[in-house]
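Heads up, entry-v4.cif below (mmCIF, C-alpha atoms):
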```cif
data_protein
#
loop_
_atom_site.label_atom_id
_atom_site.label_comp_id
_atom_site.auth_asym_id
_atom_site.auth_seq_id
_atom_site.Cartn_x
_atom_site.Cartn_y
_atom_site.Cartn_z
CA MET A 18 76.17 70.69 104.34
CA THR A 19 77.51 72.76 107.24
CA ALA A 20 81.24 73.45 107.13
CA VAL A 21 83.21 72.00 110.02
CA HIS A 22 85.63 74.21 111.94
CA GLY A 23 88.31 73.44 114.47
CA ARG A 24 88.77 69.67 114.34
CA GLY A 25 92.43 69.76 113.31
CA PRO A 26 94.31 68.90 110.12
CA ALA A 27 93.51 65.76 108.17
CA PRO A 28 96.01 62.91 108.66
CA THR A 29 97.41 63.39 105.15
CA THR A 30 97.76 67.18 105.36
CA ARG A 31 101.30 68.54 105.54
CA VAL A 32 101.67 71.49 107.89
CA PRO A 33 104.96 73.41 108.31
CA THR A 34 106.01 73.19 111.96
CA ALA A 35 106.31 76.99 112.19
CA PHE A 36 102.75 77.44 110.92
CA THR A 37 101.03 77.10 114.30
CA TYR A 38 97.39 77.66 113.37
CA TRP A 39 96.08 74.33 114.60
CA GLU A 40 97.71 74.84 118.01
CA THR A 41 96.95 78.54 118.35
CA TRP A 42 93.24 78.73 117.55
CA ARG A 43 92.43 76.85 120.75
CA ARG A 44 94.23 79.38 122.96
CA PRO A 45 91.89 81.39 125.21
CA GLY A 46 92.14 84.69 123.37
CA TRP A 47 91.54 83.25 119.91
CA ALA A 48 88.86 80.85 121.16
CA ARG A 49 87.07 83.76 122.84
CA ALA A 50 87.25 85.83 119.66
CA ASP A 51 85.85 82.91 117.66
CA ARG A 52 82.94 82.48 120.07
CA THR A 53 82.17 86.19 119.88
CA ILE A 54 82.16 86.16 116.08
CA ARG A 55 79.91 83.10 116.09
CA ARG A 56 77.41 84.82 118.36
CA LEU A 57 77.39 87.98 116.25
CA THR A 58 77.43 86.47 112.76
CA GLY A 59 76.46 82.82 113.12
CA THR A 60 79.73 81.65 111.55
CA SER A 61 83.32 81.09 112.59
CA LEU A 62 86.19 83.54 112.65
CA PHE A 63 88.24 80.90 110.81
CA PRO A 64 87.81 79.02 107.52
CA PRO A 65 86.34 75.50 107.41
CA ASP A 66 88.85 72.73 108.02
CA ASP A 67 88.94 71.58 104.40
CA LEU A 68 90.01 75.07 103.31
CA ALA A 69 92.52 75.29 106.15
CA ASP A 70 93.92 71.90 105.09
CA ALA A 71 94.22 73.06 101.49
CA PHE A 72 96.01 76.22 102.53
CA CYS A 73 98.49 74.33 104.72
CA GLU A 74 99.21 71.94 101.86
CA SER A 75 99.70 74.88 99.47
CA LEU A 76 102.64 76.02 101.62
CA PHE A 77 104.59 73.10 100.13
CA HIS A 78 103.78 73.87 96.48
CA GLY A 79 105.28 76.21 93.89
CA ASP A 80 104.71 76.92 90.20
CA PRO A 81 105.70 73.76 88.26
CA VAL A 82 105.00 75.18 84.78
CA ALA A 83 107.19 78.25 85.29
CA GLU A 84 109.76 76.21 87.22
CA ARG A 85 110.22 73.94 84.22
CA PHE A 86 110.77 77.01 82.01
CA VAL A 87 113.39 78.39 84.41
CA ASP A 88 115.18 75.03 84.74
CA GLU A 89 115.22 74.17 81.03
CA VAL A 90 115.39 77.56 79.32
CA TYR A 91 116.29 80.40 81.67
CA THR A 92 119.04 78.91 83.82
CA PRO A 93 121.20 77.53 80.95
CA ASP A 94 121.26 80.87 79.07
CA PRO A 95 119.63 83.76 80.99
CA ALA A 96 120.39 86.49 78.44
CA ARG A 97 118.94 84.53 75.53
CA ALA A 98 115.95 83.41 77.57
CA ARG A 99 115.17 86.97 78.69
CA ALA A 100 115.36 88.21 75.10
CA MET A 101 112.99 85.44 73.99
CA LEU A 102 110.66 86.22 76.88
CA ASP A 103 110.58 89.94 76.09
CA ARG A 104 109.89 89.28 72.40
CA ALA A 105 107.13 86.77 73.13
CA LEU A 106 105.45 89.12 75.60
CA ALA A 107 105.48 91.96 73.10
CA ASP A 108 104.74 90.15 69.83
CA GLY A 109 103.72 86.57 70.64
CA LEU A 110 105.47 83.20 70.42
CA ASP A 111 105.22 83.13 66.62
CA ALA A 112 107.55 86.13 66.46
CA VAL A 113 110.09 84.26 68.59
CA SER A 114 109.83 81.18 66.40
CA ALA A 115 110.35 83.22 63.23
CA GLU A 116 113.36 84.97 64.73
CA LEU A 117 114.93 81.67 65.80
CA ASP A 118 114.45 80.19 62.33
CA ARG A 119 116.33 83.00 60.59
CA SER A 120 118.92 83.72 63.29
CA ASP A 121 122.17 82.47 61.73
CA GLY A 122 121.38 80.20 58.80
CA ALA A 123 121.47 77.13 61.00
CA PRO A 124 118.78 74.45 60.78
CA PRO A 125 115.37 75.72 61.90
CA ASN A 126 115.12 76.18 65.65
CA THR A 127 111.93 75.96 67.63
CA VAL A 128 110.62 77.61 70.75
CA PRO A 129 111.36 75.27 73.67
CA ALA A 130 108.41 73.16 74.79
CA ALA A 131 108.70 74.49 78.34
CA MET A 132 108.25 78.03 77.04
CA ARG A 133 105.29 77.02 74.88
CA ASP A 134 103.61 75.37 77.88
CA LEU A 135 104.22 78.45 80.01
CA PHE A 136 102.63 80.77 77.44
CA ALA A 137 99.78 78.38 76.76
CA GLU A 138 98.80 78.65 80.42
CA PHE A 139 99.53 82.38 80.64
CA GLU A 140 97.54 83.29 77.55
CA THR A 141 94.48 81.18 78.38
CA THR A 142 91.83 83.28 80.11
CA PRO A 143 89.85 81.09 82.54
CA GLU A 144 86.10 80.86 82.02
CA TRP A 145 85.39 82.37 85.42
CA VAL A 146 87.03 85.70 84.55
CA ASP A 147 84.61 88.64 84.40
CA PRO A 148 86.37 91.43 82.44
CA ALA A 149 84.13 94.11 83.92
CA LEU A 150 85.04 93.08 87.47
CA VAL A 151 88.73 92.90 86.61
CA ASP A 152 88.58 96.45 85.25
CA GLN A 153 86.60 97.66 88.25
CA GLY A 154 89.14 96.17 90.66
CA ALA A 155 92.04 97.73 88.75
CA ALA A 156 90.28 101.09 88.90
CA VAL A 157 90.23 100.88 92.71
CA TRP A 158 94.00 100.51 92.74
CA ARG A 159 94.33 103.50 90.41
CA ARG A 160 92.06 105.60 92.61
CA TRP A 161 94.11 104.73 95.71
CA GLY A 162 97.17 106.20 93.99
CA THR A 163 100.27 106.31 96.19
CA MET A 164 98.19 105.26 99.19
CA LEU A 165 98.29 101.75 97.74
CA PHE A 166 102.09 101.86 98.07
CA ALA A 167 101.89 103.09 101.66
CA VAL A 168 99.27 100.65 102.91
CA ALA A 169 100.71 97.62 101.12
CA GLY A 170 104.18 98.48 102.38
CA GLY A 171 102.97 98.77 105.97
CA ILE A 172 100.93 95.55 105.85
CA THR A 173 103.86 93.66 104.35
CA LEU A 174 106.10 94.72 107.24
CA GLU A 175 103.73 92.92 109.59
CA MET A 176 104.59 89.59 107.91
CA TYR A 177 108.35 90.15 108.01
CA THR A 178 108.17 88.74 111.53
CA GLU A 179 107.77 85.30 109.92
CA ALA A 180 110.92 83.45 108.82
CA ALA A 181 108.97 81.75 106.02
CA VAL A 182 108.53 85.19 104.47
CA ALA A 183 111.69 86.96 105.64
CA THR A 184 114.32 84.30 104.89
CA PRO A 185 113.96 84.25 101.06
CA LEU A 186 113.89 88.06 100.98
CA SER A 187 116.88 88.31 103.30
CA LEU A 188 118.89 85.79 101.28
CA ALA A 189 118.05 87.54 98.02
CA GLY A 190 118.85 90.89 99.62
CA GLY A 191 116.47 92.94 97.51
CA TYR A 192 114.39 94.36 100.34
CA ALA A 193 117.25 94.77 102.81
CA GLY A 194 119.68 97.59 103.49
CA ASP A 195 120.53 99.94 100.64
CA ASN A 196 118.58 97.86 98.11
CA ALA A 197 115.27 98.24 99.93
CA LEU A 198 114.03 101.33 98.11
CA ARG A 199 115.01 100.05 94.66
CA ARG A 200 113.16 96.77 95.11
CA PHE A 201 110.14 98.43 96.72
CA LEU A 202 109.93 100.77 93.73
CA GLU A 203 110.00 97.74 91.43
CA THR A 204 107.00 96.47 93.35
CA CYS A 205 105.33 99.86 92.88
CA LYS A 206 105.97 99.54 89.14
CA PHE A 207 104.28 96.13 89.24
CA TRP A 208 101.24 97.70 90.93
CA ILE A 209 101.16 100.56 88.42
CA ASP A 210 101.54 98.38 85.31
CA THR A 211 99.00 95.75 86.30
CA SER A 212 96.32 98.30 87.22
CA GLU A 213 96.43 100.37 84.04
CA PRO A 214 93.07 100.29 82.19
CA GLY A 215 92.64 96.93 80.49
CA ALA A 216 96.24 95.91 81.25
CA LEU A 217 95.60 92.36 82.46
CA LEU A 218 93.22 91.49 79.64
CA ARG A 219 95.09 93.00 76.69
CA PRO A 220 97.69 90.77 74.98
CA GLY A 221 101.04 92.52 74.65
CA SER A 222 100.29 95.02 77.44
CA GLU A 223 103.00 96.20 79.80
CA GLY A 224 100.94 94.94 82.73
CA ARG A 225 100.89 91.36 81.45
CA ALA A 226 104.60 91.54 80.62
CA THR A 227 105.41 92.76 84.13
CA ALA A 228 103.31 89.97 85.66
CA MET A 229 105.24 87.34 83.69
CA LYS A 230 108.63 88.84 84.59
CA VAL A 231 107.68 88.85 88.28
CA ARG A 232 106.50 85.24 87.96
CA VAL A 233 109.85 84.16 86.50
CA MET A 234 111.74 86.18 89.11
CA HIS A 235 109.83 84.43 91.91
CA VAL A 236 110.77 81.04 90.47
CA ALA A 237 114.44 82.00 90.12
CA VAL A 238 114.62 83.12 93.76
CA ARG A 239 112.68 80.03 94.89
CA ARG A 240 115.12 77.73 93.11
CA LYS A 241 118.12 79.40 94.76
CA VAL A 242 116.63 79.45 98.26
CA ASP A 243 115.28 75.89 98.26
CA GLY A 244 118.09 73.67 99.48
CA HIS A 245 120.07 76.58 100.95
CA PRO A 246 121.46 75.75 104.43
CA GLU A 247 119.36 78.51 106.00
CA TRP A 248 116.10 77.19 104.54
CA HIS A 249 114.26 74.43 106.43
CA ARG A 250 111.40 73.01 104.40
CA GLU A 251 109.85 71.06 107.28
CA LYS A 252 109.53 74.31 109.26
CA TRP A 253 108.39 76.70 106.53
CA GLY A 254 107.30 74.71 103.49
CA TYR A 255 108.44 75.71 100.00
CA PRO A 256 110.05 79.14 99.46
CA ILE A 257 107.63 81.73 98.02
CA SER A 258 104.97 79.03 98.14
CA GLN A 259 101.52 79.02 96.64
CA GLY A 260 100.08 79.82 100.05
CA TYR A 261 102.19 82.88 100.72
CA GLN A 262 101.65 84.16 97.19
CA MET A 263 97.92 83.90 97.84
CA LEU A 264 98.40 85.98 100.99
CA THR A 265 100.24 88.59 98.93
CA LEU A 266 97.20 88.83 96.68
CA LEU A 267 94.94 89.24 99.69
CA GLY A 268 97.32 91.96 100.86
CA GLY A 269 96.15 94.04 97.91
CA SER A 270 92.42 93.72 98.46
CA THR A 271 90.28 93.38 101.58
CA VAL A 272 92.78 94.26 104.30
CA PRO A 273 94.14 97.45 102.68
CA ALA A 274 90.63 98.51 101.69
CA LEU A 275 89.62 98.38 105.33
CA ALA A 276 92.89 99.89 106.57
CA LEU A 277 92.61 102.87 104.24
CA ARG A 278 89.43 103.91 106.00
CA LEU A 279 91.82 105.23 108.65
CA VAL A 280 92.99 107.92 106.22
CA GLY A 281 89.57 108.70 104.71
CA LEU A 282 89.45 106.44 101.63
CA GLN A 283 86.10 104.65 101.80
CA THR A 284 86.10 101.59 99.54
CA THR A 285 82.63 100.06 99.15
CA ALA A 286 81.78 96.37 99.58
CA ASP A 287 81.16 96.04 95.83
CA GLU A 288 84.54 97.58 95.09
CA ILE A 289 86.24 95.16 97.50
CA ARG A 290 84.56 92.21 95.80
CA ALA A 291 85.80 93.54 92.45
CA LEU A 292 89.28 93.85 93.94
CA LEU A 293 89.16 90.20 94.97
CA HIS A 294 88.22 89.20 91.42
CA PHE A 295 90.99 91.40 89.99
CA GLN A 296 93.49 89.81 92.39
CA LYS A 297 92.29 86.33 91.55
CA PHE A 298 92.97 86.88 87.84
CA LEU A 299 96.29 88.56 88.63
CA GLY A 300 97.16 85.49 90.68
CA HIS A 301 96.40 83.26 87.70
CA LEU A 302 98.86 85.26 85.59
CA LEU A 303 101.45 84.96 88.36
CA GLY A 304 101.15 81.17 88.43
CA VAL A 305 99.13 80.95 91.64
CA ASN A 306 96.54 78.19 91.94
CA VAL A 307 93.53 80.40 92.61
CA GLU A 308 90.90 77.66 92.69
CA ARG A 309 90.31 78.31 96.39
CA PHE A 310 91.08 82.03 96.39
CA PRO A 311 88.42 83.88 98.45
CA THR A 312 85.64 85.47 96.44
CA THR A 313 83.78 87.09 99.34
CA ILE A 314 84.87 89.62 101.93
CA ALA A 315 83.95 87.24 104.77
CA ASP A 316 86.02 84.38 103.34
CA SER A 317 89.00 86.66 102.79
CA LEU A 318 88.83 87.83 106.40
CA ARG A 319 88.60 84.22 107.64
CA LEU A 320 91.79 83.34 105.78
CA THR A 321 93.44 86.47 107.16
CA ALA A 322 92.43 85.45 110.70
CA MET A 323 93.84 81.97 110.14
CA VAL A 324 97.20 83.35 109.08
CA ALA A 325 97.22 85.83 111.97
CA ALA A 326 96.67 82.93 114.37
CA SER A 327 99.47 80.93 112.74
CA ARG A 328 102.28 83.42 113.22
CA SER A 329 105.35 82.22 115.08
CA HIS A 330 107.41 85.49 115.05
CA ASP A 331 110.58 83.55 114.26
CA ALA A 332 112.28 85.84 111.72
CA GLY A 333 114.76 87.25 114.23
CA GLU A 334 117.45 89.58 112.89
CA HIS A 335 116.55 88.84 109.27
CA GLY A 336 113.06 90.17 109.88
CA ARG A 337 114.43 93.12 111.84
CA GLU A 338 116.64 94.15 108.94
CA LEU A 339 113.74 93.97 106.49
CA VAL A 340 111.31 95.90 108.71
CA GLU A 341 113.75 98.65 109.61
CA SER A 342 115.13 98.98 106.07
CA TYR A 343 111.76 99.92 104.60
CA PRO A 344 111.14 103.35 106.22
CA ALA A 345 114.88 104.04 106.39
CA SER A 346 115.11 103.66 102.61
CA PHE A 347 113.15 106.90 102.13
CA ALA A 348 115.53 108.99 104.25
CA PRO A 349 117.61 111.70 102.55
CA ARG A 350 120.70 110.26 100.89
CA PRO A 351 124.19 111.76 100.85
CA GLY A 352 124.47 114.21 98.03
CA GLN A 353 120.79 115.11 97.92
CA ARG A 354 120.22 118.83 98.03
CA GLY A 355 117.40 121.32 97.70
CA LEU A 356 114.01 120.03 96.57
CA ALA A 357 115.20 116.43 96.31
CA ARG A 358 116.31 116.46 99.94
CA LEU A 359 113.07 118.07 101.10
CA ARG A 360 111.07 115.46 99.17
CA ALA A 361 113.10 112.65 100.75
CA ARG A 362 112.64 114.13 104.22
CA TYR A 363 108.88 114.27 103.67
CA ASN A 364 108.66 110.71 102.32
CA HIS A 365 110.73 109.37 105.21
CA GLY A 366 108.50 111.05 107.77
CA ILE A 367 105.15 110.31 106.16
CA HIS A 368 105.97 106.63 105.52
CA GLY A 369 107.04 106.33 109.13
CA ALA A 370 103.64 107.69 110.13
CA TYR A 371 101.89 105.25 107.80
CA THR A 372 103.65 102.31 109.45
CA ALA A 373 102.10 103.46 112.73
CA LEU A 374 98.67 103.26 111.10
CA PHE A 375 99.06 100.04 109.16
CA MET A 376 101.19 97.89 111.51
CA ASN A 377 100.13 96.28 114.75
CA PRO A 378 101.41 98.64 117.48
CA ALA A 379 102.83 95.66 119.39
CA THR A 380 104.83 94.64 116.32
CA ARG A 381 106.01 98.13 115.47
CA SER A 382 107.22 98.77 119.01
CA GLN A 383 109.80 96.00 118.64
CA TYR A 384 111.71 97.83 115.91
CA ARG A 385 113.58 101.09 115.40
CA MET A 386 111.11 103.12 113.39
CA PRO A 387 110.92 106.82 112.47
CA PRO A 388 109.04 109.10 114.88
CA VAL A 389 105.32 109.39 114.30
CA PHE A 390 105.06 113.08 115.16
CA PRO A 391 104.61 115.55 113.60
CA TRP A 392 103.92 113.59 110.40
CA ILE A 393 100.83 111.81 111.66
CA LEU A 394 99.22 115.25 112.04
CA LEU A 395 99.37 115.66 108.26
CA VAL A 396 97.57 112.34 107.81
CA LEU A 397 94.89 113.40 110.29
CA ALA A 398 94.52 116.83 108.67
CA ARG A 399 93.86 115.24 105.27
CA PHE A 400 91.21 112.87 106.62
CA PRO A 401 88.23 115.29 106.30
CA LEU A 402 89.27 116.33 102.78
CA LEU A 403 89.64 112.76 101.56
CA THR A 404 86.33 111.82 103.16
CA LEU A 405 84.56 114.69 101.37
CA LEU A 406 86.19 113.66 98.08
CA GLU A 407 84.96 110.11 98.59
CA ILE A 408 81.41 111.33 99.18
CA ALA A 409 81.58 113.53 96.09
CA ARG A 410 83.08 110.69 94.04
CA ARG A 411 80.06 108.50 94.74
CA THR A 412 77.36 111.16 94.49
CA VAL A 413 78.45 113.86 92.02
CA PRO A 414 78.65 112.94 88.30
CA GLY A 415 82.11 113.39 86.81
CA VAL A 416 84.01 113.60 90.10
CA ALA A 417 85.09 109.94 90.07
CA GLY A 418 86.94 110.39 86.79
CA VAL A 419 88.72 113.51 88.03
CA VAL A 420 89.77 111.79 91.27
CA GLU A 421 91.19 108.83 89.35
CA ARG A 422 93.10 110.99 86.87
CA VAL A 423 94.66 113.05 89.66
CA ALA A 424 95.62 109.93 91.64
CA VAL A 425 97.17 108.25 88.58
CA ALA A 426 99.16 111.35 87.62
CA HIS A 427 100.41 111.72 91.19
CA ARG A 428 101.51 108.11 91.54
CA LEU A 429 103.49 108.34 88.28
CA ARG A 430 105.19 111.58 89.36
CA TRP A 431 106.03 110.07 92.74
CA TYR A 432 107.41 106.89 91.19
CA ARG A 433 109.55 108.71 88.63
CA ALA A 434 110.92 111.10 91.24
CA GLN A 435 111.89 108.20 93.48
CA MET A 436 113.45 106.21 90.62
CA ASP A 437 115.55 109.26 89.64
CA GLY A 438 116.08 108.12 86.06
CA ARG A 439 116.42 104.40 86.76
CA GLU A 440 114.23 101.69 85.22
CA ALA A 441 112.68 98.64 86.86
CA ASP A 442 114.07 95.45 85.31
CA PHE A 443 112.69 92.60 87.48
CA ASP A 444 116.04 90.81 87.23
CA ALA A 445 115.83 87.05 87.76
CA ASN A 446 119.60 86.51 87.59
CA GLY A 447 120.84 87.97 90.88
CA ALA A 448 122.83 85.73 93.19
CA LEU A 449 121.96 85.24 96.85
CA ARG A 450 123.96 87.53 99.09
CA ARG A 451 125.07 84.74 101.42
#
```

Represent the structure contained in this file as structure tokens.
Amino acid sequence: MTAVHGRGPAPTTRVPTAFTYWETWRRPGWARADRTIRRLTGTSLFPPDDLADAFCESLFHGDPVAERFVDEVYTPDPARARAMLDRALADGLDAVSAELDRSDGAPPNTVPAAMRDLFAEFETTPEWVDPALVDQGAAVWRRWGTMLFAVAGGITLEMYTEAAVATPLSLAGGYAGDNALRRFLETCKFWIDTSEPGALLRPGSEGRATAMKVRVMHVAVRRKVDGHPEWHREKWGYPISQGYQMLTLLGGSTVPALALRLVGLQTTADEIRALLHFQKFLGHLLGVNVERFPTTIADSLRLTAMVAASRSHDAGEHGRELVESYPASFAPRPGQRGLARLRARYNHGIHGAYTALFMNPATRSQYRMPPVFPWILLVLARFPLLTLLEIARRTVPGVAGVVERVAVAHRLRWYRAQMDGREADFDANGALRR
């Protein structure tokens, strides 16, 4: 049966008023692009209407299993809940149960049902998971090294123009002002932990623990933002919704793989498909309903086009603060001297150049961003070397392993230097800043 495109949402489909896809795709520019794609490929630029409907509806949904855990276990006693969570992630729920039973001589205690349900879902590997593809996708992230941080950071800035994305982050304050670097580095730690060899498939691994902590943190922020006077559900849906979490997963696969070609990293079609599978399983661990997550490059690009057509650019000053805080966070800080100051000066300049590569020029021009020159010249100068390394990686035995080891070592050095002795904690207890 041929998929239908462009009829409009079903009568029962909820669509946030700020998500303007159904109005925008008919505009001359988008309609012309769709016709061109149809002539060249025989299919639409956009997803079929049933998938578009499902995505729009997902903007009103969260993570009910984890939300129950936060409501019943985490919110009443955050310190105790975090200790239980850490123990269960390291040693399993049975260890938590045994510890509760012997805690103070009181009658036997049991692990709360909400926590058992959360771990039952988390620890169940879906039948569709292909461990080899998960490992292959994780290896791509490792090979990208710090370029993953740069491209993902730049692509994320593009979506800070949307109030549905910017408002929760602005209210929480993590990615704004002086906190921007700290929270971005926590995200880098998430990328590092979840892409270590076998991390997502190995019980007790740091990668799985980090995924769960991020999942709980998302729920805690969602609970605080939903109902806040600045949040309007009819306009934007549910805070940190299923739909926008799915877009975050896509932001680590097809789009960055294509964008990194601009710096010389040539990710193959098979590697991109493995990345999509890796992201799909990562989404499962994060509590995302991945039943309709794209499994092909074409489908992922159709969903990306749909979201691009839906943008309303309504984030205003909240979005401006988030966008401008990101490159500014790398600038030299008062008190930095010597090598630390030189490193900060380099990171500030090079990340400013990366935003010029990975953001839409029309978007970037609306904000105060670091100068592109002379830093973009370094990016251009490295292009031939990276291209040659990519050719050697795919054609010369043994080179791929060396490239990965160098990239992994470099990303760890970069992360530790930026953290300057601090540790990522993925705190779910912070209050909103306004």

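What separates CA of Trp42 in chain A from CA of Ala274 in chain A is a distance of 25.5 Å.
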
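Comparing the minimum interatomic distances between Ser75 in chain A and each of A:Arg56, A:Lys241, A:Arg31, A:Arg362, counting all atoms listed in the file, we find that A:Arg31 sits nearest.
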
Residues selected by the PyMOL selection byres ((chain A and resi 422-426) around 7), written as a PyMOL selection string | chain A and resi 159-162+418-421+427-430

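Relative to CA of Val157 in chain A, CA of Leu405 in chain A is found at 17.3 Å.
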
Find the residues around Val324 in chain A up to 10 Å (all atoms listed in the file counted), leave out those fewer than 6 positions away in its own chain, and share them as an MDAnalysis selection string.
-> chainID A and resid 36:38 63 69 72 176 261 264 318

With N, CA, C and O atoms as the goal, would you fill in the gaps in range 294-312 of chain A and present it as a PDB file, in the frame of the given file?
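To be explicit, this is the file written out as out_35.pdb:
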```pdb
ATOM      1  N   HIS A 294      88.249  89.830  92.743  1.00  0.00           N
ATOM      2  CA  HIS A 294      88.220  89.200  91.420  1.00  0.00           C
ATOM      3  C   HIS A 294      89.446  89.616  90.599  1.00  0.00           C
ATOM      4  O   HIS A 294      90.064  88.776  89.928  1.00  0.00           O
ATOM      5  N   PHE A 295      89.783  90.891  90.665  1.00  0.00           N
ATOM      6  CA  PHE A 295      90.990  91.400  89.990  1.00  0.00           C
ATOM      7  C   PHE A 295      92.226  90.663  90.498  1.00  0.00           C
ATOM      8  O   PHE A 295      93.077  90.222  89.714  1.00  0.00           O
ATOM      9  N   GLN A 296      92.328  90.489  91.813  1.00  0.00           N
ATOM     10  CA  GLN A 296      93.490  89.810  92.390  1.00  0.00           C
ATOM     11  C   GLN A 296      93.506  88.330  92.019  1.00  0.00           C
ATOM     12  O   GLN A 296      94.577  87.739  91.813  1.00  0.00           O
ATOM     13  N   LYS A 297      92.350  87.735  91.931  1.00  0.00           N
ATOM     14  CA  LYS A 297      92.290  86.330  91.550  1.00  0.00           C
ATOM     15  C   LYS A 297      92.843  86.134  90.135  1.00  0.00           C
ATOM     16  O   LYS A 297      93.632  85.204  89.893  1.00  0.00           O
ATOM     17  N   PHE A 298      92.456  86.996  89.207  1.00  0.00           N
ATOM     18  CA  PHE A 298      92.970  86.880  87.840  1.00  0.00           C
ATOM     19  C   PHE A 298      94.460  87.223  87.791  1.00  0.00           C
ATOM     20  O   PHE A 298      95.235  86.571  87.093  1.00  0.00           O
ATOM     21  N   LEU A 299      94.872  88.231  88.550  1.00  0.00           N
ATOM     22  CA  LEU A 299      96.290  88.560  88.630  1.00  0.00           C
ATOM     23  C   LEU A 299      97.073  87.362  89.160  1.00  0.00           C
ATOM     24  O   LEU A 299      98.168  87.048  88.663  1.00  0.00           O
ATOM     25  N   GLY A 300      96.514  86.680  90.155  1.00  0.00           N
ATOM     26  CA  GLY A 300      97.160  85.490  90.680  1.00  0.00           C
ATOM     27  C   GLY A 300      97.321  84.409  89.623  1.00  0.00           C
ATOM     28  O   GLY A 300      98.354  83.726  89.551  1.00  0.00           O
ATOM     29  N   HIS A 301      96.300  84.232  88.801  1.00  0.00           N
ATOM     30  CA  HIS A 301      96.400  83.260  87.700  1.00  0.00           C
ATOM     31  C   HIS A 301      97.576  83.591  86.800  1.00  0.00           C
ATOM     32  O   HIS A 301      98.358  82.702  86.424  1.00  0.00           O
ATOM     33  N   LEU A 302      97.752  84.856  86.449  1.00  0.00           N
ATOM     34  CA  LEU A 302      98.860  85.260  85.590  1.00  0.00           C
ATOM     35  C   LEU A 302     100.207  85.054  86.279  1.00  0.00           C
ATOM     36  O   LEU A 302     101.221  84.808  85.614  1.00  0.00           O
ATOM     37  N   LEU A 303     100.227  85.145  87.596  1.00  0.00           N
ATOM     38  CA  LEU A 303     101.450  84.960  88.360  1.00  0.00           C
ATOM     39  C   LEU A 303     101.750  83.504  88.678  1.00  0.00           C
ATOM     40  O   LEU A 303     102.738  83.203  89.356  1.00  0.00           O
ATOM     41  N   GLY A 304     100.912  82.584  88.205  1.00  0.00           N
ATOM     42  CA  GLY A 304     101.150  81.170  88.430  1.00  0.00           C
ATOM     43  C   GLY A 304     100.631  80.647  89.751  1.00  0.00           C
ATOM     44  O   GLY A 304     101.036  79.580  90.207  1.00  0.00           O
ATOM     45  N   VAL A 305      99.717  81.390  90.374  1.00  0.00           N
ATOM     46  CA  VAL A 305      99.130  80.950  91.640  1.00  0.00           C
ATOM     47  C   VAL A 305      97.893  80.104  91.357  1.00  0.00           C
ATOM     48  O   VAL A 305      97.074  80.468  90.497  1.00  0.00           O
ATOM     49  N   ASN A 306      97.753  79.008  92.056  1.00  0.00           N
ATOM     50  CA  ASN A 306      96.540  78.190  91.940  1.00  0.00           C
ATOM     51  C   ASN A 306      95.428  78.905  92.703  1.00  0.00           C
ATOM     52  O   ASN A 306      95.381  78.862  93.929  1.00  0.00           O
ATOM     53  N   VAL A 307      94.543  79.549  91.985  1.00  0.00           N
ATOM     54  CA  VAL A 307      93.530  80.400  92.610  1.00  0.00           C
ATOM     55  C   VAL A 307      92.176  79.700  92.738  1.00  0.00           C
ATOM     56  O   VAL A 307      91.161  80.352  92.990  1.00  0.00           O
ATOM     57  N   GLU A 308      92.168  78.387  92.607  1.00  0.00           N
ATOM     58  CA  GLU A 308      90.900  77.660  92.690  1.00  0.00           C
ATOM     59  C   GLU A 308      90.177  77.936  93.990  1.00  0.00           C
ATOM     60  O   GLU A 308      88.944  78.046  94.021  1.00  0.00           O
ATOM     61  N   ARG A 309      90.933  78.064  95.086  1.00  0.00           N
ATOM     62  CA  ARG A 309      90.310  78.310  96.390  1.00  0.00           C
ATOM     63  C   ARG A 309      90.543  79.740  96.885  1.00  0.00           C
ATOM     64  O   ARG A 309      90.398  80.016  98.073  1.00  0.00           O
ATOM     65  N   PHE A 310      90.891  80.634  95.990  1.00  0.00           N
ATOM     66  CA  PHE A 310      91.080  82.030  96.390  1.00  0.00           C
ATOM     67  C   PHE A 310      89.736  82.610  96.836  1.00  0.00           C
ATOM     68  O   PHE A 310      88.705  82.384  96.194  1.00  0.00           O
ATOM     69  N   PRO A 311      89.696  83.347  97.949  1.00  0.00           N
ATOM     70  CA  PRO A 311      88.420  83.880  98.450  1.00  0.00           C
ATOM     71  C   PRO A 311      87.727  84.777  97.437  1.00  0.00           C
ATOM     72  O   PRO A 311      88.368  85.596  96.784  1.00  0.00           O
ATOM     73  N   THR A 312      86.429  84.621  97.336  1.00  0.00           N
ATOM     74  CA  THR A 312      85.640  85.470  96.440  1.00  0.00           C
ATOM     75  C   THR A 312      84.697  86.391  97.206  1.00  0.00           C
ATOM     76  O   THR A 312      84.040  87.234  96.599  1.00  0.00           O
TER      77      THR A 312
END
```
